[in-house]
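Asks: Next comes protein.cif, mmCIF, C-alpha atoms:
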```cif
data_structure
#
loop_
_atom_site.group_PDB
_atom_site.id
_atom_site.type_symbol
_atom_site.label_atom_id
_atom_site.label_comp_id
_atom_site.auth_asym_id
_atom_site.auth_seq_id
_atom_site.Cartn_x
_atom_site.Cartn_y
_atom_site.Cartn_z
ATOM 1 C CA MET J 1 2.284 -30.146 28.264
ATOM 2 C CA LYS J 2 3.260 -30.443 24.601
ATOM 3 C CA MET J 3 0.427 -28.143 23.560
ATOM 4 C CA VAL J 4 1.497 -25.513 26.090
ATOM 5 C CA LEU J 5 5.104 -25.728 24.907
ATOM 6 C CA ALA J 6 4.063 -25.477 21.247
ATOM 7 C CA ALA J 7 1.887 -22.445 21.973
ATOM 8 C CA ALA J 8 4.766 -20.771 23.792
ATOM 9 C CA ILE J 9 7.113 -21.393 20.859
ATOM 10 C CA LEU J 10 4.590 -20.001 18.376
ATOM 11 C CA ALA J 11 4.098 -16.901 20.514
ATOM 12 C CA VAL J 12 7.848 -16.326 20.622
ATOM 13 C CA LEU J 13 8.206 -16.743 16.882
ATOM 14 C CA ALA J 14 5.230 -14.458 16.196
ATOM 15 C CA PHE J 15 6.981 -11.555 17.877
ATOM 16 C CA GLY J 16 10.448 -12.425 16.612
ATOM 17 C CA GLU J 17 11.744 -12.987 20.133
ATOM 18 C CA VAL J 18 14.718 -14.985 19.006
ATOM 19 C CA GLN J 19 18.221 -13.572 19.346
ATOM 20 C CA GLY J 20 19.321 -11.969 16.106
ATOM 21 C CA VAL J 21 15.890 -11.878 14.453
ATOM 22 C CA ARG J 22 15.389 -8.658 12.500
ATOM 23 C CA ASN J 23 12.043 -7.078 13.434
ATOM 24 C CA VAL J 24 11.630 -4.305 10.881
ATOM 25 C CA CYS J 25 9.274 -1.373 10.372
ATOM 26 C CA GLU J 26 10.176 0.319 7.104
ATOM 27 C CA GLY J 27 8.921 3.207 4.976
ATOM 28 C CA LYS J 28 9.573 2.970 1.246
ATOM 29 C CA ASN J 29 9.302 5.644 -1.436
ATOM 30 C CA GLY J 30 7.464 8.015 0.866
ATOM 31 C CA LYS J 31 4.106 6.259 0.593
ATOM 32 C CA LYS J 32 4.533 2.574 1.466
ATOM 33 C CA LEU J 33 4.871 1.323 5.027
ATOM 34 C CA VAL J 34 6.037 -2.251 5.610
ATOM 35 C CA THR J 35 4.807 -3.222 9.067
ATOM 36 C CA PHE J 36 6.205 -5.686 11.597
ATOM 37 C CA SER J 37 3.898 -8.325 10.083
ATOM 38 C CA ASP J 38 5.438 -7.634 6.631
ATOM 39 C CA THR J 39 2.135 -6.095 5.505
ATOM 40 C CA MET J 40 2.265 -3.216 3.034
ATOM 41 C CA GLU J 41 0.177 -0.169 3.928
ATOM 42 C CA GLN J 42 -0.283 2.987 1.839
ATOM 43 C CA ILE J 43 0.687 6.146 3.762
ATOM 44 C CA LYS J 44 -0.222 8.837 1.239
ATOM 45 C CA PHE J 45 -0.384 12.163 3.045
ATOM 46 C CA PRO J 46 2.176 14.955 3.556
ATOM 47 C CA CYS J 47 1.981 14.858 7.361
ATOM 48 C CA LYS J 48 3.516 13.116 10.375
ATOM 49 C CA TYR J 49 2.468 9.754 11.791
ATOM 50 C CA ASN J 50 3.644 7.338 14.472
ATOM 51 C CA ALA J 51 5.210 4.449 12.604
ATOM 52 C CA VAL J 52 6.626 3.179 15.921
ATOM 53 C CA ARG J 53 5.481 4.361 19.345
ATOM 54 C CA ASP J 54 6.682 3.118 22.749
ATOM 55 C CA THR J 55 7.883 -0.195 21.364
ATOM 56 C CA VAL J 56 10.231 -2.090 23.676
ATOM 57 C CA CYS J 57 13.443 -3.208 22.006
ATOM 58 C CA GLY J 58 16.127 -4.594 24.301
ATOM 59 C CA SER J 59 16.863 -2.088 27.060
ATOM 60 C CA TYR J 60 14.918 0.742 25.439
ATOM 61 C CA ARG J 61 11.484 2.056 24.543
ATOM 62 C CA VAL J 62 11.543 3.514 21.016
ATOM 63 C CA THR J 63 9.346 5.921 19.036
ATOM 64 C CA VAL J 64 9.886 6.802 15.354
ATOM 65 C CA SER J 65 7.650 9.404 13.673
ATOM 66 C CA PRO J 66 8.286 10.077 9.961
ATOM 67 C CA GLY J 67 7.086 13.230 8.230
ATOM 68 C CA ASN J 68 6.004 13.000 4.599
ATOM 69 C CA MET J 69 5.897 15.715 1.947
ATOM 70 C CA LEU J 70 4.994 16.007 -1.721
ATOM 71 C CA GLU J 71 8.126 16.155 -3.850
ATOM 72 C CA ASN J 72 8.419 19.771 -4.962
ATOM 73 C CA ASP J 73 9.570 19.543 -8.590
ATOM 74 C CA ARG J 74 6.797 17.361 -9.924
ATOM 75 C CA ASN J 75 4.389 17.422 -6.964
ATOM 76 C CA LYS J 76 3.382 13.847 -7.749
ATOM 77 C CA LEU J 77 5.567 11.723 -5.486
ATOM 78 C CA TYR J 78 5.561 11.421 -1.728
ATOM 79 C CA VAL J 79 8.913 11.756 -0.013
ATOM 80 C CA ILE J 80 9.920 11.098 3.591
ATOM 81 C CA LYS J 81 11.199 14.525 4.565
ATOM 82 C CA SER J 82 12.098 13.882 8.203
ATOM 83 C CA ILE J 83 12.021 11.430 11.084
ATOM 84 C CA TRP J 84 11.637 12.267 14.764
ATOM 85 C CA VAL J 85 13.127 9.709 17.164
ATOM 86 C CA GLY J 86 12.448 9.220 20.863
ATOM 87 C CA VAL J 87 14.455 6.738 22.954
ATOM 88 C CA GLU J 88 13.935 5.949 26.648
ATOM 89 C CA ARG J 89 16.261 3.679 28.631
ATOM 90 C CA ILE J 90 13.944 1.473 30.642
ATOM 91 C CA SER J 91 16.301 0.905 33.584
ATOM 92 C CA ASP J 92 16.531 4.560 34.659
ATOM 93 C CA GLY J 93 13.940 6.429 32.562
ATOM 94 C CA LEU J 94 16.565 8.650 30.881
ATOM 95 C CA LYS J 95 15.409 9.889 27.475
ATOM 96 C CA TRP J 96 16.767 11.307 24.249
ATOM 97 C CA GLU J 97 14.752 13.000 21.507
ATOM 98 C CA GLY J 98 16.270 13.811 18.152
ATOM 99 C CA ARG J 99 15.405 14.623 14.575
ATOM 100 C CA THR J 100 16.896 14.443 11.130
ATOM 101 C CA ASP J 101 15.664 15.564 7.729
ATOM 102 C CA LEU J 102 16.898 15.931 4.172
ATOM 103 C CA LYS J 103 18.917 19.069 4.955
ATOM 104 C CA ILE J 104 20.434 17.853 8.226
ATOM 105 C CA ALA J 105 21.447 14.500 6.753
ATOM 106 C CA ARG J 106 22.898 16.041 3.603
ATOM 107 C CA LYS J 107 24.943 18.591 5.584
ATOM 108 C CA TYR J 108 26.333 15.776 7.739
ATOM 109 C CA MET J 109 27.314 13.803 4.633
ATOM 110 C CA GLU J 110 29.084 16.862 3.253
ATOM 111 C CA GLY J 111 31.016 17.401 6.484
ATOM 112 C CA LEU J 112 29.088 20.518 7.528
ATOM 113 C CA LYS J 113 27.625 18.979 10.701
ATOM 114 C CA ASP J 114 29.072 16.864 13.499
ATOM 115 C CA ALA J 115 26.116 14.497 13.795
ATOM 116 C CA PRO J 116 23.356 13.274 11.442
ATOM 117 C CA PHE J 117 20.638 13.876 14.057
ATOM 118 C CA ASN J 118 19.869 17.101 15.908
ATOM 119 C CA THR J 119 19.263 16.597 19.617
ATOM 120 C CA LYS J 120 15.958 18.156 20.635
ATOM 121 C CA ASP J 121 15.698 17.146 24.289
ATOM 122 C CA GLY J 122 16.676 14.611 26.940
ATOM 123 C CA ALA J 123 19.377 13.707 29.467
ATOM 124 C CA LEU J 124 20.472 10.409 27.925
ATOM 125 C CA ASP J 125 24.123 10.648 26.812
ATOM 126 C CA ILE J 126 23.853 9.633 23.160
ATOM 127 C CA ASN J 127 27.635 9.363 22.767
ATOM 128 C CA LYS J 128 27.575 6.460 25.222
ATOM 129 C CA VAL J 129 24.482 4.849 23.724
ATOM 130 C CA PHE J 130 24.648 5.269 19.941
ATOM 131 C CA GLU J 131 27.094 5.145 17.106
ATOM 132 C CA PHE J 132 26.361 7.098 13.937
ATOM 133 C CA SER J 133 26.964 6.396 10.267
ATOM 134 C CA LYS J 134 30.159 7.727 8.742
ATOM 135 C CA PRO J 135 29.761 11.134 7.083
ATOM 136 C CA THR J 136 31.167 9.718 3.854
ATOM 137 C CA ALA J 137 28.123 7.486 3.327
ATOM 138 C CA ASP J 138 26.400 8.407 0.085
ATOM 139 C CA ASP J 139 22.903 7.065 0.578
ATOM 140 C CA GLU J 140 21.753 7.140 4.209
ATOM 141 C CA VAL J 141 22.443 8.179 7.769
ATOM 142 C CA TYR J 142 21.714 6.041 10.790
ATOM 143 C CA LEU J 143 22.022 5.723 14.530
ATOM 144 C CA LYS J 144 22.764 2.309 15.999
ATOM 145 C CA GLU J 145 22.648 1.217 19.620
ATOM 146 C CA LYS J 146 26.223 0.288 20.569
ATOM 147 C CA ASN J 147 25.319 -3.165 21.897
ATOM 148 C CA GLY J 148 23.533 -3.954 18.653
ATOM 149 C CA GLU J 149 19.966 -3.874 20.011
ATOM 150 C CA PHE J 150 18.465 -1.658 17.315
ATOM 151 C CA LYS J 151 19.198 0.575 14.330
ATOM 152 C CA ILE J 152 17.282 3.532 12.871
ATOM 153 C CA SER J 153 18.173 4.714 9.374
ATOM 154 C CA PHE J 154 17.062 7.509 7.047
ATOM 155 C CA SER J 155 17.791 7.767 3.313
ATOM 156 C CA LEU J 156 18.107 10.941 1.317
ATOM 157 C CA TYR J 157 16.004 11.555 -1.753
ATOM 158 C CA ASP J 158 16.845 13.648 -4.789
ATOM 159 C CA PRO J 159 14.647 13.621 -7.923
ATOM 160 C CA TYR J 160 17.721 14.098 -10.142
ATOM 161 C CA GLY J 161 19.670 11.201 -8.655
ATOM 162 C CA ARG J 162 22.571 13.297 -7.348
ATOM 163 C CA TRP J 163 22.225 11.743 -3.887
ATOM 164 C CA HIS J 164 19.914 8.786 -3.508
ATOM 165 C CA LYS J 165 16.862 7.915 -5.560
ATOM 166 C CA ASN J 166 14.874 6.117 -2.867
ATOM 167 C CA SER J 167 13.039 7.814 -0.025
ATOM 168 C CA ARG J 168 13.242 5.440 2.943
ATOM 169 C CA PHE J 169 13.439 5.032 6.708
ATOM 170 C CA SER J 170 13.684 1.902 8.823
ATOM 171 C CA PHE J 171 13.632 0.776 12.445
ATOM 172 C CA GLU J 172 15.265 -2.603 13.015
ATOM 173 C CA CYS J 173 15.179 -4.366 16.383
ATOM 174 C CA TYR J 174 17.745 -7.136 16.855
ATOM 175 C CA SER J 175 17.069 -7.862 20.521
ATOM 176 C CA SER J 176 15.257 -10.923 21.875
ATOM 177 C CA ASN J 177 13.297 -8.511 24.078
ATOM 178 C CA PHE J 178 10.939 -7.116 21.451
ATOM 179 C CA VAL J 179 7.461 -5.969 22.572
ATOM 180 C CA PRO J 180 5.781 -3.847 19.854
ATOM 181 C CA SER J 181 2.771 -1.658 20.579
ATOM 182 C CA ASP J 182 -0.597 -2.507 19.067
ATOM 183 C CA TYR J 183 -2.238 -0.887 16.051
ATOM 184 C CA PRO J 184 -3.349 1.932 15.974
ATOM 185 C CA VAL J 185 -0.974 3.170 18.701
ATOM 186 C CA GLN J 186 1.667 2.628 16.043
ATOM 187 C CA MET J 187 1.051 2.137 12.345
ATOM 188 C CA CYS J 188 3.553 -0.754 12.206
ATOM 189 C CA GLY J 189 1.437 -2.723 14.663
ATOM 190 C CA ASN J 190 2.390 -5.650 16.881
ATOM 191 C CA GLY J 191 3.439 -8.130 14.219
ATOM 192 C CA THR J 192 0.107 -9.843 13.651
ATOM 193 C CA LYS J 193 -1.689 -9.915 10.313
ATOM 194 C CA ARG J 194 -4.930 -8.124 9.359
ATOM 195 C CA GLU J 195 -4.585 -5.427 12.027
ATOM 196 C CA VAL J 196 -6.247 -2.660 10.013
ATOM 197 C CA LYS J 197 -9.079 -4.933 8.926
ATOM 198 C CA THR J 198 -9.574 -6.193 12.485
ATOM 199 C CA PHE J 199 -9.775 -2.629 13.815
ATOM 200 C CA LYS J 200 -12.205 -1.657 11.043
ATOM 201 C CA GLN J 201 -14.414 -4.639 11.803
ATOM 202 C CA SER J 202 -14.361 -3.851 15.525
ATOM 203 C CA MET J 203 -15.834 -0.438 14.684
ATOM 204 C CA GLU J 204 -18.404 -2.051 12.335
ATOM 205 C CA TRP J 205 -17.204 -0.009 9.359
ATOM 206 C CA ARG J 206 -17.470 -1.262 5.786
ATOM 207 C CA GLU J 207 -15.429 1.255 3.835
ATOM 208 C CA ASN J 208 -11.835 0.750 2.700
ATOM 209 C CA ARG J 209 -8.684 0.422 4.827
ATOM 210 C CA GLN J 210 -7.321 3.769 3.605
ATOM 211 C CA ALA J 211 -10.158 5.534 5.389
ATOM 212 C CA THR J 212 -9.305 3.585 8.553
ATOM 213 C CA ILE J 213 -5.649 4.648 8.397
ATOM 214 C CA PHE J 214 -6.595 8.290 7.839
ATOM 215 C CA TYR J 215 -9.080 8.083 10.702
ATOM 216 C CA ASN J 216 -6.394 6.693 13.053
ATOM 217 C CA VAL J 217 -3.707 9.215 12.063
ATOM 218 C CA PHE J 218 -5.769 12.401 11.932
ATOM 219 C CA SER J 219 -7.883 11.738 15.014
ATOM 220 C CA ASN J 220 -4.777 11.173 17.152
ATOM 221 C CA MET J 221 -3.971 14.381 19.064
ATOM 222 C CA GLU J 222 -0.783 12.814 20.504
ATOM 223 C CA ILE J 223 0.925 13.362 17.146
ATOM 224 C CA THR J 224 2.449 16.839 16.940
ATOM 225 C CA GLN J 225 1.633 17.982 13.422
ATOM 226 C CA THR J 226 3.974 20.824 12.452
ATOM 227 C CA ASP J 227 2.340 21.630 9.106
ATOM 228 C CA TYR J 228 -0.569 24.064 9.507
ATOM 229 C CA ASN J 229 -2.954 22.195 7.210
ATOM 230 C CA CYS J 230 -2.118 18.853 8.828
ATOM 231 C CA ALA J 231 -2.704 20.300 12.294
ATOM 232 C CA SER J 232 -5.979 21.913 11.199
ATOM 233 C CA ALA J 233 -7.255 18.656 9.691
ATOM 234 C CA GLN J 234 -6.227 16.871 12.891
ATOM 235 C CA ARG J 235 -8.148 19.338 15.086
ATOM 236 C CA ALA J 236 -11.230 19.096 12.893
ATOM 237 C CA MET J 237 -11.155 15.295 12.895
ATOM 238 C CA ALA J 238 -10.358 14.901 16.589
ATOM 239 C CA LYS J 239 -12.610 17.632 17.991
ATOM 240 C CA ARG J 240 -15.192 19.087 15.612
ATOM 241 C CA CYS J 241 -16.278 15.716 14.211
ATOM 242 C CA VAL J 242 -16.617 14.106 17.639
ATOM 243 C CA GLN J 243 -19.079 16.773 18.733
ATOM 244 C CA LYS J 244 -21.418 15.553 16.006
ATOM 245 C CA GLY J 245 -20.801 11.836 16.473
ATOM 246 C CA GLU J 246 -18.061 9.236 15.969
ATOM 247 C CA ASP J 247 -19.440 8.040 12.638
ATOM 248 C CA LEU J 248 -19.019 11.521 11.150
ATOM 249 C CA ARG J 249 -15.290 11.420 11.889
ATOM 250 C CA TYR J 250 -14.949 8.208 9.930
ATOM 251 C CA LYS J 251 -17.151 9.612 7.159
ATOM 252 C CA ALA J 252 -14.804 12.605 6.836
ATOM 253 C CA ALA J 253 -11.799 10.294 6.545
ATOM 254 C CA ASN J 254 -13.545 8.117 3.984
ATOM 255 C CA LEU J 255 -14.780 10.980 1.791
ATOM 256 C CA CYS J 256 -11.701 13.223 1.946
ATOM 257 C CA TRP J 257 -8.633 10.954 1.799
ATOM 258 C CA PRO J 258 -8.667 10.667 -2.046
ATOM 259 C CA LEU J 259 -7.630 14.335 -2.282
ATOM 260 C CA VAL J 260 -4.133 13.389 -1.087
ATOM 261 C CA GLY J 261 -4.227 9.616 -1.625
ATOM 262 C CA LYS J 262 -5.590 9.095 -5.141
ATOM 263 C CA PRO J 263 -3.415 10.350 -8.032
ATOM 264 C CA PRO J 264 -6.233 11.756 -10.215
ATOM 265 C CA HIS J 265 -7.399 14.075 -7.423
ATOM 266 C CA GLN J 266 -3.983 14.887 -5.974
ATOM 267 C CA ARG J 267 -2.335 15.635 -9.315
ATOM 268 C CA CYS J 268 -5.222 17.679 -10.661
ATOM 269 C CA ILE J 269 -5.254 19.894 -7.578
ATOM 270 C CA SER J 270 -1.466 20.276 -7.777
ATOM 271 C CA GLY J 271 -1.681 20.973 -11.507
ATOM 272 C CA ASN J 272 -4.068 23.849 -10.799
ATOM 273 C CA MET J 273 -1.461 25.311 -8.417
ATOM 274 C CA ASP J 274 -3.491 24.433 -5.336
ATOM 275 C CA SER J 275 -2.400 22.302 -2.380
ATOM 276 C CA PRO J 276 -3.809 18.768 -1.947
ATOM 277 C CA ILE J 277 -3.325 18.861 1.838
ATOM 278 C CA SER J 278 -5.111 22.207 1.994
ATOM 279 C CA ALA J 279 -8.009 20.682 0.049
ATOM 280 C CA PHE J 280 -8.015 17.697 2.408
ATOM 281 C CA ARG J 281 -8.128 20.021 5.409
ATOM 282 C CA HIS J 282 -11.031 22.042 3.997
ATOM 283 C CA CYS J 283 -12.853 18.845 3.078
ATOM 284 C CA VAL J 284 -12.511 17.466 6.613
ATOM 285 C CA GLU J 285 -13.635 20.766 8.114
ATOM 286 C CA PHE J 286 -16.637 20.924 5.782
ATOM 287 C CA VAL J 287 -17.750 17.342 6.386
ATOM 288 C CA CYS J 288 -17.138 17.559 10.140
ATOM 289 C CA SER J 289 -19.301 20.671 10.331
ATOM 290 C CA GLY J 290 -22.213 18.701 8.943
ATOM 291 C CA TYR J 291 -21.764 20.621 5.667
ATOM 292 C CA SER J 292 -22.484 23.945 7.395
ATOM 293 C CA ASP J 293 -19.041 25.644 7.370
ATOM 294 C CA LEU J 294 -19.330 28.115 4.480
ATOM 295 C CA ASN J 295 -15.709 29.302 4.661
ATOM 296 C CA SER J 296 -14.410 25.752 4.256
ATOM 297 C CA CYS J 297 -16.995 25.124 1.555
ATOM 298 C CA LEU J 298 -15.855 28.124 -0.492
ATOM 299 C CA ALA J 299 -12.157 27.274 -0.130
ATOM 300 C CA LEU J 300 -12.772 23.629 -1.022
ATOM 301 C CA GLY J 301 -14.915 24.631 -3.985
ATOM 302 C CA ASP J 302 -12.035 26.609 -5.474
ATOM 303 C CA GLU J 303 -9.669 23.673 -4.936
ATOM 304 C CA LEU J 304 -12.050 21.091 -6.450
ATOM 305 C CA ASP J 305 -12.944 23.184 -9.505
ATOM 306 C CA LEU J 306 -11.943 21.586 -12.838
ATOM 307 C CA CYS J 307 -10.891 18.363 -11.066
ATOM 308 C CA PRO J 308 -12.474 14.885 -10.873
ATOM 309 C CA GLU J 309 -15.694 14.716 -8.915
ATOM 310 C CA LEU J 310 -15.280 13.759 -5.273
ATOM 311 C CA PRO J 311 -18.245 11.521 -4.384
ATOM 312 C CA GLU J 312 -20.897 13.283 -2.281
ATOM 313 C CA VAL J 313 -18.561 16.177 -1.432
ATOM 314 C CA SER J 314 -18.411 17.881 -4.851
ATOM 315 C CA GLU J 315 -22.177 17.720 -5.235
ATOM 316 C CA THR J 316 -22.716 19.137 -1.744
ATOM 317 C CA VAL J 317 -20.206 21.946 -2.307
ATOM 318 C CA LYS J 318 -21.969 22.869 -5.537
ATOM 319 C CA ALA J 319 -25.359 22.919 -3.835
ATOM 320 C CA THR J 320 -24.141 24.784 -0.745
ATOM 321 C CA CYS J 321 -21.751 27.521 -1.807
ATOM 322 C CA LYS J 322 -20.336 27.168 -5.336
ATOM 323 C CA PRO J 323 -23.019 26.640 -8.008
ATOM 324 C CA ASP J 324 -20.500 27.106 -10.834
ATOM 325 C CA LEU J 325 -18.270 24.230 -9.625
ATOM 326 C CA PHE J 326 -17.273 22.134 -12.628
ATOM 327 C CA SER J 327 -16.131 18.520 -12.178
ATOM 328 C CA THR J 328 -14.334 16.536 -14.858
#
```
Rewrite the coordinates I just gave you, this time as structure tokens.

Replies:
Amino acid sequence: MKMVLAAAILAVLAFGEVQGVRNVCEGKNGKKLVTFSDTMEQIKFPCKYNAVRDTVCGSYRVTVSPGNMLENDRNKLYVIKSIWVGVERISDGLKWEGRTDLKIARKYMEGLKDAPFNTKDGALDINKVFEFSKPTADDEVYLKEKNGEFKISFSLYDPYGRWHKNSRFSFECYSSNFVPSDYPVQMCGNGTKREVKTFKQSMEWRENRQATIFYNVFSNMEITQTDYNCASAQRAMAKRCVQKGEDLRYKAANLCWPLVGKPPHQRCISGNMDSPISAFRHCVEFVCSGYSDLNSCLALGDELDLCPELPEVSETVKATCKPDLFST
């Protein structure tokens, strides 16, 4: 009996199911994701991802999808540009979908908008469910469930420090009824440790965890990518790669992620006035074609020229379509 009781207590504590416990999924500085297990993951790509998806918090089911971008002035830093929020009340199925971004939030702070989130869809009356941050706040906007079950916040970023220097979002669940979705349904996982490593091991992959994260994000067709290059990379990973085998999809993630995730590659491509996410897209398309897509090869060759060698890919591009490719 004691062992059963102890196991039950540990299970409760593992998921934070104690009144007032703060279960947090948080994005920091546009590239770091702190999961429900307090694990730090690197989210280095200028695209959307499901940080939280269909997680039960109190009376609601919550989804939070941030959208990253490369900071325009220096093109070196990742910034959280937007967050899309979906809330469903479990008792009656009524939903609300909304979105905020750097412009919407800033206009609200300056008194040019009535609310810090734009309503996109849904019949749930947000005025009865949420309270919003005051427009005079100088660092973030938020929506908070009126009974204190959860809070979703979004911070502005400005490279010159006129608004707020940190790029951040957070979802905080304060309810005792907290049932998070598993990884990779949501990147913040279910609160257990080693989720990325466990998934990687289940697939019998040996490469790094960054490749696993890229594989999970860009092979997920349930994420609506609004950026053309992000959507194209997603289609290539989810469809073209699968036609040639599951292992090729993971190979594309493993070979191509450094173009947006490793500073030497990302900054060199940006410094040559090319787009890292465009290079990533062309890389995924080229690898997923079994190195037969000449259009992607030519485009990628131009983007890789005069930049650090990308293992296997640069050599194959040079042999296939761009013999004058020069790697540093």

Asks: Using all atoms listed in the file, find all polymer residues with an atom at most 9 Å away from the point (-11.9, 23.6, 12.2); report them as a PyMOL selection string.

Replies: chain J and resi 232-237+239-240+281-282+284-286+288-289+293+296

Asks: Measuring atom to atom with all atoms listed in the file, identify which of J:Arg89, J:Arg209, J:Lys113, J:Arg22 is nearest to Pro135 (chain J).

Replies: J:Lys113

Asks: Determine the residue membership of the PyMOL selection byres ((chain J and resi 193-203) around 8) for the file above and supply it as a list of chain:residue names.

Replies: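 Those residues are J:Ser37, J:Thr39, J:Tyr183, J:Gly189, J:Gly191, J:Thr192, J:Glu204, J:Trp205, J:Arg206, J:Arg209, J:Thr212, J:Ile213.
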
Asks: Please enumerate the residues selected by the PyMOL selection byres ((chain J and resi 134) around 12) when evaluated against the supplied file, formatted as a short mmCIF file (atom, residue, chain, number, x, y, z; two decimals) with C-alpha atoms, in the frame of the given file.

Replies:
```cif
data_model
loop_
_atom_site.label_atom_id
_atom_site.label_comp_id
_atom_site.auth_asym_id
_atom_site.auth_seq_id
_atom_site.Cartn_x
_atom_site.Cartn_y
_atom_site.Cartn_z
CA ALA J 105 21.45 14.50 6.75
CA TYR J 108 26.33 15.78 7.74
CA MET J 109 27.31 13.80 4.63
CA GLU J 110 29.08 16.86 3.25
CA GLY J 111 31.02 17.40 6.48
CA LYS J 113 27.62 18.98 10.70
CA ASP J 114 29.07 16.86 13.50
CA ALA J 115 26.12 14.50 13.80
CA PRO J 116 23.36 13.27 11.44
CA GLU J 131 27.09 5.14 17.11
CA PHE J 132 26.36 7.10 13.94
CA SER J 133 26.96 6.40 10.27
CA PRO J 135 29.76 11.13 7.08
CA THR J 136 31.17 9.72 3.85
CA ALA J 137 28.12 7.49 3.33
CA ASP J 138 26.40 8.41 0.08
CA ASP J 139 22.90 7.06 0.58
CA GLU J 140 21.75 7.14 4.21
CA VAL J 141 22.44 8.18 7.77
CA TYR J 142 21.71 6.04 10.79
CA LEU J 143 22.02 5.72 14.53
CA LYS J 144 22.76 2.31 16.00
#
```

Asks: Which residues come within 8 Å of Phe150 (chain J), counting all atoms listed in the file, excluding same-chain residues fewer than 6 positions away, as number ranges by chain?

Replies: J: 57-58, 144, 171-175

Asks: Translate the PyMOL selection byres ((chain J and resi 317-324) around 12), as applied to the file shown, into an explicit residue set as a PyMOL selection string.

Replies: chain J and resi 282-283+286-287+290-306+309-316+325-327

Asks: Region 270-272 of chain J: which residues within 10 Å, counting all atoms listed in the file, same-chain residues fewer than 3 positions away excluded, as a PyMOL selection string?

Replies: chain J and resi 70+74-76+260+265-267+275-277+302-307

Asks: Rank nothing, just name the residue among J:Asn127, J:Ser170, J:Asn190, J:Thr224 nearest to Val34 (chain J), using all atoms listed in the file.

Replies: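 Checking each candidate against Val34 (chain J), we get J:Ser170 as the closest.
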